[in-house]
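K.L.:
Mind having a look at this structure? Questions to follow.
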Amino acid sequence: MNTYAKFMREAKSMAGNEIHRAKIKKAITSYEIQVDGMKKQQFQDWNAAREVAAGIKNEVLANLPEMLQEFEEKLTSRGATVLWAENAEQARHYIEEIISRHNARKVVKSKSMTTEEIELNEYLESRGIENWESDLGELIVQLADEKPYHIVTPAMHKSKQEIARLFVEKLGIEYTENAEELTMAARAHLRRAFVTADIGITGANFIIAEEGAIVMTENEGNGRLGMACPKVHIAIAGIEKMLPRLADLSLFLPLLTTSGTGQQLTGYNSIVRGPKSAAEPDGPEEMIVILLDNGRSNIYAQDHFREVLRCIRCGACLNACPVFRSVGGHTYATTYQGPVGSIITPQLRGMAAWQHLAHACSLCGACTEVCPVGIDLHPLLLETRWQADKEHAASKKWQFAIKMWSKIIPSRKVIDTFRPLMKIFLPLAKPFLSANQKKRIPTMAKKSFAQMWENNESTR
Amino acid sequence: MNPRDSILKKLSSINSLQKTPAARTQDRQIYQDYPEETKDELIARFKKQFLALAGEFFPVSSYEKAGAHIFELLKSVDSTKHLVELNPLCQKIFSACPELEAKFENIENKTLAATDFADYATGLTGADFLVARTGSIVLRTNSAGGRRLSVLPPLHIVVATVAQLVPSLDAALQNRGFREGDWSYGTIITGPSRTSDIEKILVLGAHGPKRLALILLDE
Ligand code: SF4
């Protein structure tokens, strides 16, 4: 089945799934209350914050090649290695090379969407490398053999009962629905992995040009452990994660956290400038940062789409999106879900297979309203549709329908010839339609608007 | 062409880009404004935030009192093994309370593998800055005895002085001393380790320290 047919099938079944709807509603309602409160508590002028953030990110986009080189130079001067990957395959190849050079058997990972993007878990598994997801939400989806449901909250779709059953089966604990006990079970389970792993793999929320540093935001401490215990630290960062200055974090950290989870700051925000220095008692002996392009430079090359590279992956647009709420994260079948995912996926992975995502949108604009870096999300969704049509990337059926439509609609005469035909055809077709389709067929008015207009009739 | 050059070439080949001038955060009134911020107000603000995050807060006026609080904290955990990064402030506290010194092992005198940390209940470290607005503690590897001491033991005790208190994160990051020094790792700690990945229910002590205590010395 192709991606579009799969999407339609999943979307239909999820939209009618009331249990799913209730779980997501509960999670997003509690998210919204916290976010609204935190915006007011922390910011005097949220819109000013967004504008400044967008400005700083535009500065990054205007100077991206220079900043990447500055970042590389600063970071390597402190003994780290910077590798550049044009695509997922190159990135995986680098990682394989590091693993075999260190003869590593065990990897501990902290939550990172870029590693999802390059399908690192599947890859490590196929190579027989023991691989532990250490973020609680990620661990839950890994144990359930699923993909993350949401870029920020990977296990948003799981109730505590489901998690309890999963932990009983996979971790061998006693059944409990107590969130604290479940968390402690995961803590105990992973502690051993942290202290014995050969390699820690993380993402990066930001990379800093002037400082040659990567920045990681988290609440649990699993990222910190992954950068403190193993002797090798690999970080994978998209090239667009750049910020010019360290001080920019004083805006971007609260901005990301407020939008992402409604906290003032997450529990830990770590700034990493290299492997362990000579004077330090511990830390990885080797640090490698993989800068991932994987299609981002194609987005960068397009004037209309470039601004979507400002995205800081806060997840706010997913939570705000009525389509996401009803079809759920897994239906997208992409690394990045929701409005931003529907814009970047066709760019990163091909228009023909993914342009349908841009149509799963009512253009309500809720995403654009919440985006902390002011990306014009819904206009870009429209732009994606337009580009898909221009490139004839839509299905043959759709292209045909649009072609007919564009012939009929501009001509009053053609419409008027079709009207009487429709009047006859529609009642005839009715017996062959499902109840749902019947509901959607409008009853035809006796006269068209144009006819009434000509005769100067009232619509009453 | 190698991947590096090929990516850079692609990014550099776009002519339509306008080199926009740097955006400045200071030009706009973004954050909630707290005009006052005398020393006492900063302490009060920090305390409020830190307690809201479930931090344990102990303001003290002497080294003896600081030592007494640390002593109490050690009693509250069920192991007798504790580690310290012996910075000057800790040293002063220890000389004021000699019986405390015997409780701690100095991390500098040991070579500990990550697995060896399992026995230790407590990590005692210094800090670089305390951020009043967010109730955060900023540390870097040179003030915190490396990366592990402040994250592996279940109880993290921080000793700091009021002089280290700054109003905002911006003030800490813009501080001239912050970027200096031979440190590879720094972290902004805002409360003990936490998660709400299960139905958005807040649980403390996910993977990092379950408890975070601050001894704040105001001489
Ligand atoms: S597009 Fe905006 S709202 Fe959506 S994840 Fe990115 S930064 Fe957040």
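Residues are named by chain letter and number: chains run A, B, ... in the order of the structure tokens, numbers start at 1 in each chain, and ligands are numbered from 1 in the order shown.
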What residues have any atom no more than 9 Å from ligand 1 when counting only C-alpha atoms and all ligand atoms, and can you list them as a PyMOL selection string?
P.N.:
chain A and resi 151-152+256+259-260+308-320+336+338-341+367-377
K.L.:
Output the contact residues of chain B with respect to chain A at a cut-off of 6 Å, based on only C-alpha atoms, as an MDAnalysis selection string.
P.N.:
chainID B and resid 3:4 8 19:20 22:23 30:32 114:115 146:148 169:170 173:174 184:191 193:195 197 203 206:208
K.L.:
Write a file of the selected residues as a PDB file, in the first residue's frame, keeping C-alpha atoms.
P.N.:
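Ended up saving to again_16.pdb:
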ATOM      1  CA  PRO B   3      30.632  15.650   2.290  1.00  0.00           C
ATOM      2  CA  ARG B   4      31.802  18.693   4.209  1.00  0.00           C
ATOM      3  CA  LEU B   8      29.081  23.991   2.440  1.00  0.00           C
ATOM      4  CA  LYS B  19      22.784  39.165   5.243  1.00  0.00           C
ATOM      5  CA  THR B  20      20.538  40.419   8.013  1.00  0.00           C
ATOM      6  CA  ALA B  22      22.277  40.615  14.281  1.00  0.00           C
ATOM      7  CA  ALA B  23      19.020  40.656  16.212  1.00  0.00           C
ATOM      8  CA  ILE B  30      10.511  40.512  26.624  1.00  0.00           C
ATOM      9  CA  TYR B  31      10.608  39.174  30.133  1.00  0.00           C
ATOM     10  CA  GLN B  32       8.563  39.996  33.135  1.00  0.00           C
ATOM     11  CA  ALA B 114      31.188   4.850  36.562  1.00  0.00           C
ATOM     12  CA  THR B 115      30.138   1.543  38.141  1.00  0.00           C
ATOM     13  CA  GLY B 146      33.650  16.573  36.810  1.00  0.00           C
ATOM     14  CA  ARG B 147      30.487  15.342  35.164  1.00  0.00           C
ATOM     15  CA  ARG B 148      29.477  12.361  37.279  1.00  0.00           C
ATOM     16  CA  LEU B 169      20.091  33.444  33.091  1.00  0.00           C
ATOM     17  CA  ASP B 170      21.278  36.186  30.787  1.00  0.00           C
ATOM     18  CA  LEU B 173      25.753  33.494  30.525  1.00  0.00           C
ATOM     19  CA  GLN B 174      26.993  37.025  29.776  1.00  0.00           C
ATOM     20  CA  SER B 184      34.303  20.821  28.767  1.00  0.00           C
ATOM     21  CA  TYR B 185      30.869  20.614  30.301  1.00  0.00           C
ATOM     22  CA  GLY B 186      28.481  22.918  32.097  1.00  0.00           C
ATOM     23  CA  THR B 187      24.893  22.480  33.127  1.00  0.00           C
ATOM     24  CA  ILE B 188      22.018  24.635  34.281  1.00  0.00           C
ATOM     25  CA  ILE B 189      20.191  22.643  36.943  1.00  0.00           C
ATOM     26  CA  THR B 190      16.598  23.585  37.635  1.00  0.00           C
ATOM     27  CA  GLY B 191      15.268  21.290  40.343  1.00  0.00           C
ATOM     28  CA  SER B 193      15.596  15.110  38.074  1.00  0.00           C
ATOM     29  CA  ARG B 194      11.998  14.778  36.914  1.00  0.00           C
ATOM     30  CA  THR B 195       9.715  13.302  34.278  1.00  0.00           C
ATOM     31  CA  ASP B 197       6.222  11.051  30.444  1.00  0.00           C
ATOM     32  CA  VAL B 203       7.572  12.186  39.157  1.00  0.00           C
ATOM     33  CA  ALA B 206      13.837   9.891  36.884  1.00  0.00           C
ATOM     34  CA  HIS B 207      17.505   9.162  36.179  1.00  0.00           C
ATOM     35  CA  GLY B 208      19.439  11.923  37.897  1.00  0.00           C
TER      36      GLY B 208
END
K.L.:
Can you check which residues of stretch 288-434 of chain A DSSP gives as strand (DSSP E or B) on the backbone and send them as a short mmCIF file (atom, residue, chain, number, x, y, z; two decimals) with N, CA, C and O atoms, in the first residue's frame?
P.N.:
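Listed below is the output, states.cif:
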data_model
loop_
_atom_site.label_atom_id
_atom_site.label_comp_id
_atom_site.auth_asym_id
_atom_site.auth_seq_id
_atom_site.Cartn_x
_atom_site.Cartn_y
_atom_site.Cartn_z
N ILE A 288 32.37 13.15 19.34
CA ILE A 288 32.19 13.32 17.91
C ILE A 288 30.84 13.99 17.67
O ILE A 288 29.82 13.54 18.20
N VAL A 289 30.83 15.06 16.91
CA VAL A 289 29.56 15.69 16.53
C VAL A 289 29.33 15.43 15.05
O VAL A 289 30.19 15.72 14.21
N ILE A 290 28.19 14.84 14.73
CA ILE A 290 27.84 14.60 13.33
C ILE A 290 26.84 15.67 12.90
O ILE A 290 25.75 15.78 13.46
N LEU A 291 27.24 16.49 11.95
CA LEU A 291 26.35 17.52 11.42
C LEU A 291 25.56 16.92 10.26
O LEU A 291 26.13 16.51 9.25
N LEU A 292 24.25 16.88 10.42
CA LEU A 292 23.42 16.18 9.46
C LEU A 292 22.71 17.15 8.51
O LEU A 292 22.02 18.06 8.94
#
K.L.:
Neighbours of A:Ser362 within 9 Å (only C-alpha atoms; same-chain residues fewer than 3 positions away dropped), as a PyMOL selection string?
P.N.:
chain A and resi 322-323+359+365+378
K.L.:
Interatomic distance between atom CA of A:Val107 and atom CA of A:Asn205?
P.N.:
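Computed distance, atom CA of A:Val107 to atom CA of A:Asn205, equals 20.3 Å.
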K.L.:
What does the structure give for the distance between atom CA of A:Ala353 and atom CA of A:Glu391, in Å to one decimal?
P.N.:
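A separation of 12.4 Å between them.
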K.L.:
When DSSP works through the backbone of this structure, what residues of stretch 12-247 of chain A end up as helix (DSSP H, G or I), shown as a PyMOL selection string?
P.N.:
chain A and resi 12-15+18-42+46-62+64-77+88-101+113-117+120-126+136-143+160-171+179-196+222-228+239-241+246-247
K.L.:
For the residues in that selection, give me C-alpha atoms as a compact mmCIF listing (two decimals), in the first residue's frame.
P.N.:
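Saved as part_22.txt:
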# COMPACT_ATOMS: atom_id res chain seq x y z
CA LYS A 12 -10.16 7.15 9.20
CA SER A 13 -9.79 4.56 11.87
CA MET A 14 -8.04 6.89 14.35
CA ALA A 15 -10.52 9.72 13.90
CA GLU A 18 -12.76 7.54 21.10
CA ILE A 19 -10.29 6.01 23.54
CA HIS A 20 -7.40 7.57 21.66
CA ARG A 21 -9.19 10.87 21.52
CA ALA A 22 -9.78 10.89 25.26
CA LYS A 23 -6.11 10.17 26.04
CA ILE A 24 -4.84 12.89 23.73
CA LYS A 25 -7.40 15.39 24.96
CA LYS A 26 -6.32 14.80 28.54
CA ALA A 27 -2.63 15.23 27.72
CA ILE A 28 -3.09 18.32 25.58
CA THR A 29 -5.49 20.00 27.98
CA SER A 30 -3.00 19.71 30.80
CA TYR A 31 -0.27 20.94 28.44
CA GLU A 32 -2.30 23.97 27.43
CA ILE A 33 -3.07 25.03 30.97
CA GLN A 34 0.61 24.92 31.87
CA VAL A 35 1.78 26.71 28.75
CA ASP A 36 -0.72 29.55 29.07
CA GLY A 37 0.23 30.05 32.71
CA MET A 38 3.95 29.98 32.00
CA LYS A 39 3.76 32.41 29.10
CA LYS A 40 2.16 34.95 31.41
CA GLN A 41 4.44 34.21 34.33
CA GLN A 42 7.66 34.37 32.41
CA TRP A 46 5.38 36.80 24.25
CA ASN A 47 5.06 38.22 20.76
CA ALA A 48 8.15 40.35 21.20
CA ALA A 49 9.99 37.22 22.34
CA ARG A 50 8.88 35.39 19.20
CA GLU A 51 9.92 38.24 16.95
CA VAL A 52 13.37 38.49 18.49
CA ALA A 53 13.79 34.71 18.31
CA ALA A 54 12.77 34.71 14.64
CA GLY A 55 15.26 37.53 14.06
CA ILE A 56 18.11 35.60 15.64
CA LYS A 57 17.24 32.51 13.62
CA ASN A 58 17.12 34.61 10.44
CA GLU A 59 20.57 35.85 11.31
CA VAL A 60 21.62 32.19 11.51
CA LEU A 61 20.09 31.37 8.14
CA ALA A 62 21.77 34.34 6.51
CA LEU A 64 24.79 29.46 8.06
CA PRO A 65 27.88 28.29 6.14
CA GLU A 66 30.14 30.69 8.04
CA MET A 67 28.64 29.74 11.38
CA LEU A 68 29.00 26.03 10.72
CA GLN A 69 32.67 26.53 9.98
CA GLU A 70 33.16 28.65 13.08
CA PHE A 71 31.43 25.98 15.14
CA GLU A 72 33.65 23.29 13.69
CA GLU A 73 36.82 25.26 14.24
CA LYS A 74 36.05 26.10 17.88
CA LEU A 75 34.90 22.62 18.80
CA THR A 76 37.79 20.80 17.16
CA SER A 77 40.27 23.14 18.86
CA ALA A 88 21.30 9.21 6.63
CA GLU A 89 23.52 6.57 5.14
CA GLN A 90 26.68 8.60 5.64
CA ALA A 91 25.70 9.34 9.23
CA ARG A 92 25.12 5.66 9.98
CA HIS A 93 28.39 4.83 8.30
CA TYR A 94 30.30 7.21 10.59
CA ILE A 95 28.64 5.65 13.62
CA GLU A 96 29.44 2.16 12.48
CA GLU A 97 33.06 3.14 12.01
CA ILE A 98 33.24 4.58 15.55
CA ILE A 99 31.58 1.50 17.01
CA SER A 100 33.95 -0.90 15.35
CA ARG A 101 37.03 1.21 16.16
CA MET A 113 14.76 13.06 16.65
CA THR A 114 17.78 13.14 14.34
CA THR A 115 18.62 9.56 15.34
CA GLU A 116 15.02 8.64 14.49
CA GLU A 117 15.47 10.40 11.18
CA LEU A 120 19.62 4.43 14.01
CA ASN A 121 17.77 2.01 16.29
CA GLU A 122 16.92 -0.36 13.47
CA TYR A 123 20.45 -0.10 12.18
CA LEU A 124 22.13 -0.86 15.51
CA GLU A 125 19.75 -3.74 16.07
CA SER A 126 20.62 -5.24 12.69
CA LEU A 136 11.36 7.31 29.78
CA GLY A 137 8.97 8.09 26.94
CA GLU A 138 11.39 6.70 24.37
CA LEU A 139 11.97 3.59 26.47
CA ILE A 140 8.22 3.00 26.54
CA VAL A 141 7.88 3.19 22.76
CA GLN A 142 11.03 1.10 22.28
CA LEU A 143 9.68 -1.64 24.54
CA LYS A 160 -0.62 4.20 32.59
CA GLN A 161 -2.47 0.89 32.39
CA GLU A 162 -0.88 0.17 29.03
CA ILE A 163 2.55 1.16 30.33
CA ALA A 164 2.03 -1.01 33.42
CA ARG A 165 1.21 -4.06 31.30
CA LEU A 166 4.21 -3.35 29.08
CA PHE A 167 6.58 -3.12 32.05
CA VAL A 168 5.19 -6.32 33.56
CA GLU A 169 5.86 -8.13 30.32
CA LYS A 170 9.19 -6.58 29.33
CA LEU A 171 10.83 -5.54 32.60
CA ALA A 179 3.47 6.55 37.81
CA GLU A 180 6.19 6.93 40.42
CA GLU A 181 6.69 3.19 40.81
CA LEU A 182 6.77 2.75 37.05
CA THR A 183 9.37 5.50 36.73
CA MET A 184 11.50 3.93 39.47
CA ALA A 185 11.35 0.60 37.65
CA ALA A 186 12.73 2.27 34.53
CA ARG A 187 15.39 4.02 36.60
CA ALA A 188 16.60 0.77 38.13
CA HIS A 189 16.44 -0.98 34.78
CA LEU A 190 18.57 1.61 32.99
CA ARG A 191 21.11 2.46 35.68
CA ARG A 192 23.21 -0.57 34.86
CA ALA A 193 23.11 0.30 31.15
CA PHE A 194 24.40 3.82 31.81
CA VAL A 195 27.42 2.78 33.84
CA THR A 196 28.44 -0.07 31.55
CA ASN A 222 19.46 10.52 31.17
CA GLY A 223 21.22 12.81 28.71
CA ARG A 224 23.66 13.94 31.39
CA LEU A 225 24.39 10.34 32.34
CA GLY A 226 24.96 9.43 28.70
CA MET A 227 27.50 12.23 28.40
CA ALA A 228 29.16 11.51 31.76
CA ILE A 239 22.74 21.78 10.57
CA GLU A 240 19.85 24.15 11.29
CA LYS A 241 20.20 23.82 15.08
CA LEU A 246 25.97 31.45 23.97
CA ALA A 247 23.95 34.33 25.43
